[in-house]
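See structure below.
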2 protein chains.
Amino acid sequence: MTTLSDVAKKANVSKMTVSRVINHPEQVRDELKTSVFNAMRELDYRPNVAAKALVNNRTQIIKLFILEDMDTTEPYYMNLLTGISKELGKEQYALQLVTEHHFDIGGCDGYIVTGMRHSDYEWLQRLERPVVLFGENRLEFDYCDTDNTLGTKMATEYALKQGYQQVIFIGINVKEPFEYSREAGYMMTMQKHQLPTEIKRFSNHSHLAMEYIQSQWSQLKPNTCFVCASDRLAFGVEKALNLFNADIPNDFGVIGFDGVFLNQVATPKLTTVQQPIFELGVQCARMLLAKIAKDGQPQGIEQLAPTLSIAGSTRNDN
Amino acid sequence: MTTLSDVAKKANVSKMTVSRVINHPEQVRDELKTSVFNAMRELDYRPNVAAKALVNNRTQIIKLFILEDMDTTEPYYMNLLTGISKELGKEQYALQLVTEHHFDIGGCDGYIVTGMRHSDYEWLQRLERPVVLFGENRLEFDYCDTDNTLGTKMATEYALKQGYQQVIFIGINVKEPFEYSREAGYMMTMQKHQLPTEIKRFSNHSHLAMEYIQSQWSQLKPNTCFVCASDRLAFGVEKALNLFNADIPNDFGVIGFDGVFLNQVATPKLTTVQQPIFELGVQCARMLLAKIAKDGQPQGIEQLAPTLSIAGSTRNDN
DNA sequence: TTGTAGGCGTTATCAA
DNA sequence: TTGATAACGCCTACAA
């Protein structure tokens, strides 16, 4: 293990000069700087994280609170975790997973929180270290999320461009910002085209959407596209349509939202609004580290554009 | 932040005594011990991890190498990661995810490795800190894994008990210990019952198993159960049988292995050998921490029993 | 612009 | 059995 002192000796300067080259390079003459850099390279110097943490009163640990019931079958979390972890690793930060509420608070430099509900607001606000949320919120928390409105805009525009004459939105009946945003994207696009809107909402289970389609089958007009707020719902719609041997994608189109759930087994494969979950994890981590570096200053919000992943559940005439 | 010194003052002893109460309690008189414990409790003392790490030349970081292509749609990894992370957290260890080979070695106290291939053997052996593998291996690495042989034993015994007269094993054509073990469990059980064995092997893709069944359909006798080395393969078998409107589970039974993949969408739901992935993650972490504490001493192997999750793809007459 | 001294919280070592 | 001292590697504060 080469230390600051080793580098200092090699470069014929004091430890402090080396330290400054790392932390306040503007205070050091260019001449010394380069010779210090050379010494660092030659000795393959790596700062000792523990020592730095000790003197800075840091832990180099970030806690990830997953407050919702984590469905480990959702690749969602794995992608998120991978993104966060990768980015934290670069800065020598390590991740701790916390899935029990009110547990294991403290002993870290910052928090990433996903699945916050209203009831969590209070204690989250009390946390003494920087917090970044994963997921839209209308409170004052900094956050990263998919641009949900853009996602359903893209989906709806695509449906219309493919010539579907009715576009129906199948939403999730929760009062959460992400859902409002997704509905807004649909509404805005339909209104822009001066088309009538129709929104149905269900809990996020495929069988509910399936039952709905079954019950409505006789009323459904061909040339309809269903823009759904989740892949689960889209999957349910598709299954129901298949039961009636409906012609997907010619008579009916189905578009999901998520780009993860079960898309490998849906037949035909779902066209879906793909969320950049991994990148969102990266952004979350970056935002949090920036916030820590800037002593807790608000970092605002970061919304990443989803991509429309086109597959067999919609027409594709270009 | 209360420190050792604070506790020492409160208990009227030296810092060292407090330190010893924590690390070498046998060297301290009971009398002092209790008064130190009291002081610690009253002051809510928490050891400073960074300071400890510094003086012990530790990082408090464990790296998790995922060497295989990580299919983030497999809940497998999320369960594993959750288990590992939970256990490490208890001991104030943090986790770093590494998915690129040969990258990001060093700077940690130990490694958990999953998806090792033969070609990885060499560099893994060179690692300078304790290593624990996740997954059976016939080399000298310590590891945790499902008891694969027990798993297929349970599956085969169950199939026979349900009265299926033929039991065919659908394996994965890889030369990996886990596969050998799974085949062995099947073989042993069949031989014990003096029944003929039949093994087919495919790459682990559902469509291959599906095509096989389709091509063999005319030869298949009713009252056959397929014991598969993965849920993917089982899923393919089931899909093919459904194509022929075969009667599952009365004429044909299907048993998978994993308990994770897609089981939510298979119709009927698969009977499967459920691996305790979360617990295996916990065990892995424990084993590694023990190995670190004991200065790298071999820890042997740990095989956890799977459970047979019974569902609609097999008869269930009890 | 650079260097010196001291301390962050803990533990190993040695002396009492 | 207990305590004093030094050290781990780095950074802040101050001095030169």
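Residues are referred to by chain and number: the chain letter is A, B, ... according to the order shown in the structure tokens, the number counts from 1 in that chain, and ligands are numbered separately from 1 in the order shown.
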Closest atom pairs, chain B residues within 7 Å of chain D, only C-alpha atoms (C1' of nucleotides), as CSV:
```
residue,atom,partner,partner_atom,distance
B:Ser14,CA,D:DG3,C1',6.4
B:Val28,CA,D:DT1,C1',6.6
B:Leu54,CA,D:DC8,C1',5.5
B:Val55,CA,D:DC8,C1',4.5
```
Expected file contents, prior selection, C-alpha atoms, as a CSV table (one decimal), in the first residue's frame:
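The resulting part-v3.csv:
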```csv
chain,number,residue,atom,x,y,z
B,14,SER,CA,-9.3,3.8,29.9
B,28,VAL,CA,-11.7,-7.9,31.2
B,54,LEU,CA,-8.2,2.3,9.2
B,55,VAL,CA,-6.4,0.8,12.0
```
Quick one: which chain C residues come within 8 Å of chain A, and what is the nearest atom pair for each with the distance in Å to one decimal, counting only C-alpha atoms (C1' of nucleotides), rows ordered by chain and ascending number, as CSV?
```
residue,atom,partner,partner_atom,distance
C:DT1,C1',A:Val28,CA,6.6
C:DT2,C1',A:Thr17,CA,7.0
C:DG3,C1',A:Ser14,CA,6.5
C:DC8,C1',A:Val55,CA,4.7
C:DG9,C1',A:Leu54,CA,7.6
```
Those residues with N, CA and C atoms (P, O5', C5', C4', C3', O3' and C1' of nucleotides), as a PDB file, in the first residue's frame please?
```
ATOM      1  P    DT C   1      -0.534  30.535  -5.664  1.00  0.00           P
ATOM      2  O5'  DT C   1       0.630  29.673  -5.045  1.00  0.00           O
ATOM      3  C5'  DT C   1       1.861  29.602  -5.718  1.00  0.00           C
ATOM      4  C4'  DT C   1       2.817  28.975  -4.764  1.00  0.00           C
ATOM      5  C3'  DT C   1       2.552  27.483  -4.507  1.00  0.00           C
ATOM      6  O3'  DT C   1       3.743  26.761  -4.777  1.00  0.00           O
ATOM      7  C1'  DT C   1       2.775  28.652  -2.451  1.00  0.00           C
ATOM      8  P    DT C   2       3.896  25.243  -4.624  1.00  0.00           P
ATOM      9  O5'  DT C   2       4.249  25.024  -3.100  1.00  0.00           O
ATOM     10  C5'  DT C   2       5.610  25.081  -2.691  1.00  0.00           C
ATOM     11  C4'  DT C   2       5.678  24.937  -1.194  1.00  0.00           C
ATOM     12  C3'  DT C   2       5.435  23.538  -0.645  1.00  0.00           C
ATOM     13  O3'  DT C   2       6.677  22.996  -0.255  1.00  0.00           O
ATOM     14  C1'  DT C   2       4.449  25.235   0.713  1.00  0.00           C
ATOM     15  P    DG C   3       6.749  21.543   0.421  1.00  0.00           P
ATOM     16  O5'  DG C   3       6.661  21.907   1.965  1.00  0.00           O
ATOM     17  C5'  DG C   3       7.642  22.764   2.515  1.00  0.00           C
ATOM     18  C4'  DG C   3       7.398  22.926   4.010  1.00  0.00           C
ATOM     19  C3'  DG C   3       7.297  21.602   4.771  1.00  0.00           C
ATOM     20  O3'  DG C   3       8.066  21.710   5.956  1.00  0.00           O
ATOM     21  C1'  DG C   3       5.361  22.927   5.164  1.00  0.00           C
ATOM     22  P    DC C   8      -9.611  14.724  18.076  1.00  0.00           P
ATOM     23  O5'  DC C   8     -10.511  13.967  17.018  1.00  0.00           O
ATOM     24  C5'  DC C   8     -11.104  14.632  15.909  1.00  0.00           C
ATOM     25  C4'  DC C   8     -11.322  13.620  14.813  1.00  0.00           C
ATOM     26  C3'  DC C   8     -11.649  12.233  15.342  1.00  0.00           C
ATOM     27  O3'  DC C   8     -13.074  12.087  15.401  1.00  0.00           O
ATOM     28  C1'  DC C   8     -10.027  12.169  13.543  1.00  0.00           C
ATOM     29  P    DG C   9     -13.758  11.663  16.811  1.00  0.00           P
ATOM     30  O5'  DG C   9     -13.504  10.085  16.825  1.00  0.00           O
ATOM     31  C5'  DG C   9     -14.155   9.288  15.845  1.00  0.00           C
ATOM     32  C4'  DG C   9     -13.611   7.881  15.906  1.00  0.00           C
ATOM     33  C3'  DG C   9     -13.749   7.219  17.283  1.00  0.00           C
ATOM     34  O3'  DG C   9     -14.304   5.934  17.088  1.00  0.00           O
ATOM     35  C1'  DG C   9     -11.502   7.108  16.529  1.00  0.00           C
TER      36       DG C   9
END
```
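The residue that comes closest to chain A, out of B:Leu133, B:Met70, B:Met210, B:Leu241 and on the basis of only C-alpha atoms, is B:Met70.
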- Item | Long-range neighbours of A:Ala11 as a list in words, 12 Å cut-off, only C-alpha atoms (C1' of nucleotides), 4 positions minimum in chain | Leu4, Ser5, Asp6, Val7, Lys15, Met16, Thr17, Val18, Val21, Glu31, Leu32, Lys33, Thr34, Ser35, Val36, Phe37, Asn38, Ala39, Met40, Arg41, Glu42 and Leu43 of chain A
N, CA and C atoms of the current selection, written as a compact mmCIF listing (two decimals), in the first residue's frame:
```
# COMPACT_ATOMS: atom_id res chain seq x y z
N LEU A 4 0.20 8.56 1.07
CA LEU A 4 0.55 9.94 0.75
C LEU A 4 2.03 10.19 0.99
N SER A 5 2.53 9.69 2.10
CA SER A 5 3.94 9.93 2.45
C SER A 5 4.88 9.36 1.40
N ASP A 6 4.57 8.18 0.93
CA ASP A 6 5.41 7.56 -0.10
C ASP A 6 5.49 8.47 -1.32
N VAL A 7 4.32 8.93 -1.74
CA VAL A 7 4.28 9.79 -2.91
C VAL A 7 5.07 11.07 -2.63
N LYS A 15 3.74 15.82 2.54
CA LYS A 15 2.45 15.14 2.41
C LYS A 15 1.34 16.10 2.01
N MET A 16 1.41 17.28 2.63
CA MET A 16 0.33 18.24 2.39
C MET A 16 0.24 18.66 0.93
N THR A 17 1.37 18.80 0.31
CA THR A 17 1.34 19.18 -1.10
C THR A 17 0.64 18.10 -1.92
N VAL A 18 0.94 16.87 -1.60
CA VAL A 18 0.28 15.78 -2.31
C VAL A 18 -1.22 15.82 -2.05
N VAL A 21 -2.72 18.51 -4.03
CA VAL A 21 -2.83 18.19 -5.46
C VAL A 21 -4.13 17.43 -5.72
N GLU A 31 4.27 23.07 -11.76
CA GLU A 31 5.52 22.30 -11.72
C GLU A 31 5.42 21.15 -10.72
N LEU A 32 5.09 21.54 -9.49
CA LEU A 32 4.97 20.51 -8.45
C LEU A 32 3.86 19.53 -8.79
N LYS A 33 2.78 20.09 -9.30
CA LYS A 33 1.64 19.25 -9.60
C LYS A 33 2.05 18.08 -10.50
N THR A 34 2.75 18.41 -11.58
CA THR A 34 3.10 17.33 -12.51
C THR A 34 4.03 16.32 -11.86
N SER A 35 4.99 16.81 -11.07
CA SER A 35 5.91 15.83 -10.48
C SER A 35 5.17 14.96 -9.46
N VAL A 36 4.19 15.55 -8.79
CA VAL A 36 3.38 14.74 -7.86
C VAL A 36 2.56 13.72 -8.63
N PHE A 37 1.95 14.17 -9.71
CA PHE A 37 1.17 13.25 -10.53
C PHE A 37 2.03 12.08 -11.01
N ASN A 38 3.23 12.44 -11.44
CA ASN A 38 4.14 11.38 -11.89
C ASN A 38 4.41 10.36 -10.79
N ALA A 39 4.72 10.91 -9.62
CA ALA A 39 5.00 10.01 -8.49
C ALA A 39 3.80 9.12 -8.20
N MET A 40 2.62 9.72 -8.26
CA MET A 40 1.41 8.94 -7.97
C MET A 40 1.27 7.80 -8.97
N ARG A 41 1.50 8.13 -10.21
CA ARG A 41 1.35 7.12 -11.25
C ARG A 41 2.39 6.00 -11.06
N GLU A 42 3.63 6.42 -10.88
CA GLU A 42 4.69 5.42 -10.75
C GLU A 42 4.44 4.48 -9.57
N LEU A 43 3.92 5.03 -8.50
CA LEU A 43 3.71 4.20 -7.31
C LEU A 43 2.33 3.57 -7.28
```
- Message: I need the chain B residues near chain A as number ranges by chain; criterion: at most 6 Å, counting only C-alpha atoms.
- Response: B: 50-51, 53-54, 72-73, 75, 78, 94-96
Any chance you can output those residues with all heavy atoms as an mmCIF file, in the first residue's frame?
```
data_model
loop_
_atom_site.group_PDB
_atom_site.id
_atom_site.type_symbol
_atom_site.label_atom_id
_atom_site.label_comp_id
_atom_site.auth_asym_id
_atom_site.auth_seq_id
_atom_site.Cartn_x
_atom_site.Cartn_y
_atom_site.Cartn_z
ATOM 1 N N ALA B 50 -15.113 3.635 10.142
ATOM 2 C CA ALA B 50 -13.952 4.099 9.382
ATOM 3 C C ALA B 50 -12.678 3.997 10.218
ATOM 4 O O ALA B 50 -11.636 3.566 9.737
ATOM 5 C CB ALA B 50 -14.171 5.538 8.922
ATOM 6 N N ALA B 51 -12.771 4.392 11.462
ATOM 7 C CA ALA B 51 -11.589 4.336 12.331
ATOM 8 C C ALA B 51 -11.122 2.898 12.497
ATOM 9 O O ALA B 51 -9.929 2.586 12.421
ATOM 10 C CB ALA B 51 -11.910 4.948 13.684
ATOM 11 N N ALA B 53 -11.717 0.459 10.481
ATOM 12 C CA ALA B 53 -11.190 0.004 9.196
ATOM 13 C C ALA B 53 -9.763 0.508 8.996
ATOM 14 O O ALA B 53 -8.886 -0.237 8.547
ATOM 15 C CB ALA B 53 -12.092 0.490 8.066
ATOM 16 N N LEU B 54 -9.548 1.743 9.359
ATOM 17 C CA LEU B 54 -8.222 2.332 9.164
ATOM 18 C C LEU B 54 -7.158 1.573 9.941
ATOM 19 O O LEU B 54 -6.135 1.164 9.399
ATOM 20 C CB LEU B 54 -8.233 3.798 9.606
ATOM 21 C CG LEU B 54 -6.885 4.516 9.572
ATOM 22 C CD1 LEU B 54 -6.303 4.493 8.170
ATOM 23 C CD2 LEU B 54 -7.028 5.940 10.076
ATOM 24 N N THR B 72 -30.967 -9.594 -16.146
ATOM 25 C CA THR B 72 -31.615 -8.867 -15.050
ATOM 26 C C THR B 72 -33.094 -9.211 -14.948
ATOM 27 O O THR B 72 -33.750 -8.789 -14.022
ATOM 28 C CB THR B 72 -31.482 -7.340 -15.209
ATOM 29 O OG1 THR B 72 -31.971 -6.973 -16.485
ATOM 30 C CG2 THR B 72 -30.043 -6.909 -15.042
ATOM 31 N N THR B 73 -33.593 -9.973 -15.931
ATOM 32 C CA THR B 73 -34.991 -10.371 -15.792
ATOM 33 C C THR B 73 -35.124 -11.585 -14.879
ATOM 34 O O THR B 73 -36.218 -11.984 -14.540
ATOM 35 C CB THR B 73 -35.616 -10.711 -17.154
ATOM 36 O OG1 THR B 73 -34.891 -11.803 -17.719
ATOM 37 C CG2 THR B 73 -35.532 -9.530 -18.082
ATOM 38 N N PRO B 75 -35.163 -13.035 -11.426
ATOM 39 C CA PRO B 75 -35.279 -12.574 -10.043
ATOM 40 C C PRO B 75 -34.174 -13.156 -9.170
ATOM 41 O O PRO B 75 -33.836 -12.616 -8.126
ATOM 42 C CB PRO B 75 -36.625 -13.119 -9.590
ATOM 43 C CG PRO B 75 -37.305 -13.628 -10.781
ATOM 44 C CD PRO B 75 -36.317 -13.811 -11.859
ATOM 45 N N MET B 78 -31.650 -10.738 -7.923
ATOM 46 C CA MET B 78 -32.165 -9.794 -6.943
ATOM 47 C C MET B 78 -32.290 -10.464 -5.586
ATOM 48 O O MET B 78 -31.951 -9.883 -4.564
ATOM 49 C CB MET B 78 -33.529 -9.297 -7.418
ATOM 50 C CG MET B 78 -34.031 -8.114 -6.649
ATOM 51 S SD MET B 78 -32.918 -6.719 -6.789
ATOM 52 C CE MET B 78 -33.262 -5.888 -5.262
ATOM 53 N N ALA B 94 -20.299 -3.255 3.516
ATOM 54 C CA ALA B 94 -21.060 -2.766 2.374
ATOM 55 C C ALA B 94 -20.686 -3.566 1.144
ATOM 56 O O ALA B 94 -19.634 -4.203 1.098
ATOM 57 C CB ALA B 94 -20.793 -1.294 2.153
ATOM 58 N N LEU B 95 -21.571 -3.519 0.175
ATOM 59 C CA LEU B 95 -21.427 -4.370 -0.999
ATOM 60 C C LEU B 95 -21.086 -3.547 -2.232
ATOM 61 O O LEU B 95 -21.628 -2.481 -2.442
ATOM 62 C CB LEU B 95 -22.747 -5.093 -1.248
ATOM 63 C CG LEU B 95 -22.761 -6.150 -2.336
ATOM 64 C CD1 LEU B 95 -21.836 -7.290 -1.972
ATOM 65 C CD2 LEU B 95 -24.163 -6.655 -2.545
ATOM 66 N N GLN B 96 -20.174 -4.067 -3.025
ATOM 67 C CA GLN B 96 -19.942 -3.451 -4.332
ATOM 68 C C GLN B 96 -20.151 -4.484 -5.425
ATOM 69 O O GLN B 96 -19.604 -5.574 -5.372
ATOM 70 C CB GLN B 96 -18.537 -2.849 -4.421
ATOM 71 C CG GLN B 96 -18.524 -1.377 -4.079
ATOM 72 C CD GLN B 96 -17.170 -0.749 -4.281
ATOM 73 O OE1 GLN B 96 -16.331 -1.231 -5.024
ATOM 74 N NE2 GLN B 96 -16.956 0.345 -3.590
#
```
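Our summary of the geometry notes that atom CA of A:Asp145 is positioned 5.1 Å from atom CA of A:Gln303.
Shortest separation to A:Pro268 among A:Lys239, A:Lys294, A:Lys221, A:Arg138 occurs at residue A:Lys239, atoms counted being only C-alpha atoms.
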- If you count only C-alpha atoms (C1' of nucleotides), which residues fall within 8 Å of A:Lys200, apart from same-chain ones fewer than 2 positions away, as a PyMOL selection string? chain A and resi 168-171+198+202
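Using only C-alpha atoms for every distance, the candidate list B:Tyr143, B:Phe178, B:Phe257, B:Phe134 yields B:Phe134 as the residue closest to B:Thr114.
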- May I have the residues within 8 Å of B:Gln165 as a ChimeraX atom specification, using only C-alpha atoms (C1' of nucleotides) and disregarding those fewer than 6 positions away in the same chain? /B:223-225
Got time to write the residues from that selection, N, CA, C and O atoms, as a short mmCIF file (atom, residue, chain, number, x, y, z; two decimals), in the first residue's frame?
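New file selection-v4.cif:
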```cif
data_model
loop_
_atom_site.label_atom_id
_atom_site.label_comp_id
_atom_site.auth_asym_id
_atom_site.auth_seq_id
_atom_site.Cartn_x
_atom_site.Cartn_y
_atom_site.Cartn_z
N ASN B 223 -48.89 -40.78 -19.03
CA ASN B 223 -48.40 -41.15 -17.71
C ASN B 223 -46.89 -40.98 -17.58
O ASN B 223 -46.21 -41.76 -16.94
N THR B 224 -46.41 -39.92 -18.22
CA THR B 224 -44.98 -39.59 -18.16
C THR B 224 -44.79 -38.26 -17.44
O THR B 224 -45.56 -37.33 -17.65
N CYS B 225 -43.77 -38.23 -16.61
CA CYS B 225 -43.44 -36.96 -15.96
C CYS B 225 -42.06 -36.50 -16.43
O CYS B 225 -41.12 -37.29 -16.50
#
```
- Excluding A:Val273 and any residue of its chain fewer than 2 positions from it, enumerate the residues within 7 Å of it, using only C-alpha atoms (C1' of nucleotides), and give them as a list in words. Gly151, Ala155, Gly256, Phe257, Asp258, Gly259, Gln275, Pro306, Thr307, Leu308 and Ser309 of chain A
